[in-house]
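For reference, the structure discussed in these notes is given below.
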Amino acid sequence: MANTKSARKQIRVAQRKQLYNKGPRHLVKTRISKTEKLIAAGDLEAAKKEAVEAISTLDKAAKKGIVHPNNAARRKARLVKKLNAAQAPAPPAPESKATG
């Protein structure tokens, strides 16, 4: 437990900040997971729309200091990479050489 008056106040401040940040942080996680589920289901049009929302939410959270800007950038990059991989056509199968 905190011994000084200032330390007790810092605990109260940290708790207020934690409550303030909880909602937007949860929204970020929810949007990312929704996008990933849509990608896995193969619904790419809905996934694109949800990805835009997730990226916007990440940008807002980074701007407010709720998540670190580098953390937001990394999560956006991973999300877009998954979306692009799902959209890419499958590479053609290599032709087998018959030995004879």
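How things are named: the first chain in the structure tokens is A, the next is B, and so on; residues count from 1 in each chain; ligands count from 1 in the order shown.
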
| said: List as a ChimeraX atom specification the protein and nucleic acid residues near region 14-29 of chain A, meaning an atom at most 12 Å away when only C-alpha atoms are counted, but skip any in the same chain fewer than 4 places from it. | reply: /A:7-10,33-36,50-68,71-72,75-76,79

Could you dump the residues just selected with N, CA and C atoms as a CSV table (one decimal), in the first residue's frame?
```csv
chain,number,residue,atom,x,y,z
A,7,ALA,N,1.4,9.4,-3.4
A,7,ALA,CA,1.4,8.1,-3.9
A,7,ALA,C,-0.1,7.6,-3.9
A,8,ARG,N,-0.8,7.9,-2.9
A,8,ARG,CA,-2.2,7.5,-2.8
A,8,ARG,C,-3.0,8.2,-4.0
A,9,LYS,N,-2.7,9.5,-4.2
A,9,LYS,CA,-3.4,10.2,-5.2
A,9,LYS,C,-3.0,9.6,-6.6
A,10,GLN,N,-1.8,9.2,-6.8
A,10,GLN,CA,-1.4,8.6,-8.1
A,10,GLN,C,-2.1,7.3,-8.3
A,33,SER,N,-10.9,-8.3,-34.1
A,33,SER,CA,-11.4,-9.7,-34.1
A,33,SER,C,-12.5,-9.9,-35.0
A,34,LYS,N,-13.4,-9.0,-35.2
A,34,LYS,CA,-14.5,-9.1,-36.1
A,34,LYS,C,-14.0,-9.2,-37.5
A,35,THR,N,-13.0,-8.3,-37.8
A,35,THR,CA,-12.4,-8.3,-39.2
A,35,THR,C,-11.7,-9.7,-39.5
A,36,GLU,N,-11.0,-10.2,-38.5
A,36,GLU,CA,-10.3,-11.5,-38.7
A,36,GLU,C,-11.3,-12.6,-38.9
A,50,GLU,N,-15.1,-3.6,-42.4
A,50,GLU,CA,-14.8,-3.7,-41.0
A,50,GLU,C,-13.3,-3.3,-40.8
A,51,ALA,N,-12.4,-3.6,-41.7
A,51,ALA,CA,-11.0,-3.3,-41.6
A,51,ALA,C,-10.9,-1.8,-41.6
A,52,VAL,N,-11.6,-1.1,-42.4
A,52,VAL,CA,-11.6,0.4,-42.4
A,52,VAL,C,-12.0,0.9,-41.1
A,53,GLU,N,-13.0,0.4,-40.5
A,53,GLU,CA,-13.5,0.8,-39.2
A,53,GLU,C,-12.4,0.5,-38.1
A,54,ALA,N,-11.8,-0.7,-38.2
A,54,ALA,CA,-10.8,-1.1,-37.2
A,54,ALA,C,-9.6,-0.2,-37.3
A,55,ILE,N,-9.2,0.2,-38.5
A,55,ILE,CA,-8.0,1.1,-38.7
A,55,ILE,C,-8.3,2.4,-38.2
A,56,SER,N,-9.5,2.9,-38.4
A,56,SER,CA,-9.9,4.2,-37.9
A,56,SER,C,-9.9,4.2,-36.4
A,57,THR,N,-10.4,3.2,-35.8
A,57,THR,CA,-10.5,3.1,-34.3
A,57,THR,C,-9.1,3.0,-33.7
A,58,LEU,N,-8.2,2.3,-34.4
A,58,LEU,CA,-6.8,2.2,-34.0
A,58,LEU,C,-6.1,3.6,-34.0
A,59,ASP,N,-6.4,4.3,-35.1
A,59,ASP,CA,-5.8,5.7,-35.3
A,59,ASP,C,-6.3,6.6,-34.2
A,60,LYS,N,-7.6,6.5,-33.9
A,60,LYS,CA,-8.1,7.4,-32.8
A,60,LYS,C,-7.5,7.1,-31.5
A,61,ALA,N,-7.4,5.8,-31.2
A,61,ALA,CA,-6.8,5.3,-29.9
A,61,ALA,C,-5.4,5.8,-29.8
A,62,ALA,N,-4.6,5.7,-30.9
A,62,ALA,CA,-3.2,6.1,-30.9
A,62,ALA,C,-3.1,7.7,-30.7
A,63,LYS,N,-4.0,8.4,-31.3
A,63,LYS,CA,-4.0,9.8,-31.2
A,63,LYS,C,-4.3,10.3,-29.8
A,64,LYS,N,-5.2,9.5,-29.1
A,64,LYS,CA,-5.6,9.9,-27.7
A,64,LYS,C,-4.5,9.4,-26.7
A,65,GLY,N,-3.6,8.5,-27.2
A,65,GLY,CA,-2.6,8.0,-26.2
A,65,GLY,C,-3.0,6.7,-25.5
A,66,ILE,N,-4.1,6.1,-26.0
A,66,ILE,CA,-4.6,4.9,-25.4
A,66,ILE,C,-3.7,3.7,-25.8
A,67,VAL,N,-3.3,3.7,-27.0
A,67,VAL,CA,-2.3,2.7,-27.4
A,67,VAL,C,-1.1,3.5,-28.0
A,68,HIS,N,0.0,2.9,-28.0
A,68,HIS,CA,1.2,3.5,-28.5
A,68,HIS,C,1.1,3.6,-30.1
A,71,ASN,N,2.4,0.5,-31.8
A,71,ASN,CA,1.5,-0.6,-31.6
A,71,ASN,C,0.4,-0.6,-32.5
A,72,ALA,N,-0.2,0.6,-32.7
A,72,ALA,CA,-1.3,0.8,-33.7
A,72,ALA,C,-0.9,0.5,-35.1
A,75,ARG,N,-0.4,-3.3,-35.6
A,75,ARG,CA,-1.7,-4.0,-35.6
A,75,ARG,C,-2.4,-3.8,-37.0
A,76,LYS,N,-2.3,-2.5,-37.5
A,76,LYS,CA,-2.9,-2.2,-38.8
A,76,LYS,C,-2.2,-3.0,-39.9
A,79,LEU,N,-3.2,-6.6,-39.9
A,79,LEU,CA,-4.6,-6.8,-40.3
A,79,LEU,C,-4.7,-6.6,-41.8
```

| message | Would you pick out the contacts of region 83-85 of chain A at 12 Å or less, using only C-alpha atoms, so that residues sharing its chain but fewer than 5 positions from it are not included, and give the list as a ChimeraX atom specification? | response | /A:32,35-52,76-78,90-91

For the selection just defined, write its residues with C-alpha atoms to a file, as an mmCIF file, in the first residue's frame.
```cif
data_model
loop_
_atom_site.group_PDB
_atom_site.id
_atom_site.type_symbol
_atom_site.label_atom_id
_atom_site.label_comp_id
_atom_site.auth_asym_id
_atom_site.auth_seq_id
_atom_site.Cartn_x
_atom_site.Cartn_y
_atom_site.Cartn_z
ATOM 1 C CA ILE A 32 -9.903 -6.364 -35.101
ATOM 2 C CA THR A 35 -12.399 -8.331 -39.179
ATOM 3 C CA GLU A 36 -10.310 -11.470 -38.687
ATOM 4 C CA LYS A 37 -13.448 -13.610 -38.323
ATOM 5 C CA LEU A 38 -14.883 -12.165 -41.548
ATOM 6 C CA ILE A 39 -11.604 -12.859 -43.362
ATOM 7 C CA ALA A 40 -11.598 -16.445 -42.088
ATOM 8 C CA ALA A 41 -15.224 -16.871 -43.173
ATOM 9 C CA GLY A 42 -14.356 -15.618 -46.656
ATOM 10 C CA ASP A 43 -16.681 -12.603 -46.594
ATOM 11 C CA LEU A 44 -14.108 -10.218 -48.045
ATOM 12 C CA GLU A 45 -16.430 -7.313 -48.849
ATOM 13 C CA ALA A 46 -17.664 -7.099 -45.272
ATOM 14 C CA ALA A 47 -14.102 -7.664 -44.060
ATOM 15 C CA LYS A 48 -12.887 -4.647 -46.072
ATOM 16 C CA LYS A 49 -15.525 -2.416 -44.504
ATOM 17 C CA GLU A 50 -14.787 -3.699 -41.014
ATOM 18 C CA ALA A 51 -11.030 -3.292 -41.607
ATOM 19 C CA VAL A 52 -11.562 0.378 -42.432
ATOM 20 C CA LYS A 76 -2.928 -2.199 -38.760
ATOM 21 C CA ALA A 77 -0.136 -3.699 -40.860
ATOM 22 C CA ARG A 78 -0.909 -7.212 -39.677
ATOM 23 C CA ALA A 90 -4.105 -18.850 -55.273
ATOM 24 C CA PRO A 91 -0.827 -19.429 -57.105
#
```

| Sel. of helix (DSSP H, G or I) residues, chain A, as a ChimeraX atom specification | /A:5-41,44-64,69-87

Could you dump the residues just selected with C-alpha atoms as an mmCIF file, in the first residue's frame?
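Writing the result to selection35.cif gives the following:
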```cif
data_model
loop_
_atom_site.group_PDB
_atom_site.id
_atom_site.type_symbol
_atom_site.label_atom_id
_atom_site.label_comp_id
_atom_site.auth_asym_id
_atom_site.auth_seq_id
_atom_site.Cartn_x
_atom_site.Cartn_y
_atom_site.Cartn_z
ATOM 1 C CA LYS A 5 -0.319 11.244 0.201
ATOM 2 C CA SER A 6 1.006 11.796 -3.333
ATOM 3 C CA ALA A 7 1.363 8.062 -3.924
ATOM 4 C CA ARG A 8 -2.246 7.493 -2.845
ATOM 5 C CA LYS A 9 -3.358 10.220 -5.239
ATOM 6 C CA GLN A 10 -1.377 8.631 -8.085
ATOM 7 C CA ILE A 11 -3.218 5.361 -7.462
ATOM 8 C CA ARG A 12 -6.558 7.170 -7.762
ATOM 9 C CA VAL A 13 -5.424 8.940 -10.958
ATOM 10 C CA ALA A 14 -4.214 5.666 -12.476
ATOM 11 C CA GLN A 15 -7.568 4.022 -11.734
ATOM 12 C CA ARG A 16 -9.442 6.871 -13.451
ATOM 13 C CA LYS A 17 -7.194 6.615 -16.504
ATOM 14 C CA GLN A 18 -7.658 2.855 -16.590
ATOM 15 C CA LEU A 19 -11.449 3.232 -16.640
ATOM 16 C CA TYR A 20 -11.248 5.938 -19.315
ATOM 17 C CA ASN A 21 -9.035 3.812 -21.570
ATOM 18 C CA LYS A 22 -10.931 0.557 -21.094
ATOM 19 C CA GLY A 23 -13.791 1.319 -23.503
ATOM 20 C CA PRO A 24 -11.749 2.431 -26.520
ATOM 21 C CA ARG A 25 -9.186 -0.342 -25.968
ATOM 22 C CA HIS A 26 -11.968 -2.942 -25.898
ATOM 23 C CA LEU A 27 -13.504 -1.441 -29.048
ATOM 24 C CA VAL A 28 -10.159 -1.758 -30.857
ATOM 25 C CA LYS A 29 -9.859 -5.434 -29.926
ATOM 26 C CA THR A 30 -13.468 -6.119 -30.923
ATOM 27 C CA ARG A 31 -13.120 -4.506 -34.347
ATOM 28 C CA ILE A 32 -9.903 -6.364 -35.101
ATOM 29 C CA SER A 33 -11.358 -9.719 -34.081
ATOM 30 C CA LYS A 34 -14.530 -9.083 -36.128
ATOM 31 C CA THR A 35 -12.399 -8.331 -39.179
ATOM 32 C CA GLU A 36 -10.310 -11.470 -38.687
ATOM 33 C CA LYS A 37 -13.448 -13.610 -38.323
ATOM 34 C CA LEU A 38 -14.883 -12.165 -41.548
ATOM 35 C CA ILE A 39 -11.604 -12.859 -43.362
ATOM 36 C CA ALA A 40 -11.598 -16.445 -42.088
ATOM 37 C CA ALA A 41 -15.224 -16.871 -43.173
ATOM 38 C CA LEU A 44 -14.108 -10.218 -48.045
ATOM 39 C CA GLU A 45 -16.430 -7.313 -48.849
ATOM 40 C CA ALA A 46 -17.664 -7.099 -45.272
ATOM 41 C CA ALA A 47 -14.102 -7.664 -44.060
ATOM 42 C CA LYS A 48 -12.887 -4.647 -46.072
ATOM 43 C CA LYS A 49 -15.525 -2.416 -44.504
ATOM 44 C CA GLU A 50 -14.787 -3.699 -41.014
ATOM 45 C CA ALA A 51 -11.030 -3.292 -41.607
ATOM 46 C CA VAL A 52 -11.562 0.378 -42.432
ATOM 47 C CA GLU A 53 -13.471 0.784 -39.170
ATOM 48 C CA ALA A 54 -10.793 -1.087 -37.216
ATOM 49 C CA ILE A 55 -8.012 1.052 -38.694
ATOM 50 C CA SER A 56 -9.940 4.227 -37.907
ATOM 51 C CA THR A 57 -10.491 3.079 -34.331
ATOM 52 C CA LEU A 58 -6.794 2.236 -33.952
ATOM 53 C CA ASP A 59 -5.805 5.663 -35.271
ATOM 54 C CA LYS A 60 -8.132 7.404 -32.834
ATOM 55 C CA ALA A 61 -6.826 5.343 -29.912
ATOM 56 C CA ALA A 62 -3.231 6.149 -30.881
ATOM 57 C CA LYS A 63 -4.033 9.840 -31.209
ATOM 58 C CA LYS A 64 -5.552 9.891 -27.707
ATOM 59 C CA PRO A 69 1.423 4.743 -32.156
ATOM 60 C CA ASN A 70 3.870 1.978 -33.069
ATOM 61 C CA ASN A 71 1.511 -0.603 -31.556
ATOM 62 C CA ALA A 72 -1.345 0.770 -33.656
ATOM 63 C CA ALA A 73 0.798 0.753 -36.800
ATOM 64 C CA ARG A 74 1.885 -2.840 -36.207
ATOM 65 C CA ARG A 75 -1.681 -4.024 -35.647
ATOM 66 C CA LYS A 76 -2.928 -2.199 -38.760
ATOM 67 C CA ALA A 77 -0.136 -3.699 -40.860
ATOM 68 C CA ARG A 78 -0.909 -7.212 -39.677
ATOM 69 C CA LEU A 79 -4.612 -6.759 -40.319
ATOM 70 C CA VAL A 80 -4.092 -5.430 -43.847
ATOM 71 C CA LYS A 81 -1.579 -8.196 -44.546
ATOM 72 C CA LYS A 82 -4.177 -10.835 -43.620
ATOM 73 C CA LEU A 83 -6.808 -9.118 -45.759
ATOM 74 C CA ASN A 84 -4.478 -8.899 -48.761
ATOM 75 C CA ALA A 85 -3.451 -12.539 -48.393
ATOM 76 C CA ALA A 86 -7.104 -13.581 -48.409
ATOM 77 C CA GLN A 87 -7.802 -11.510 -51.518
#
```
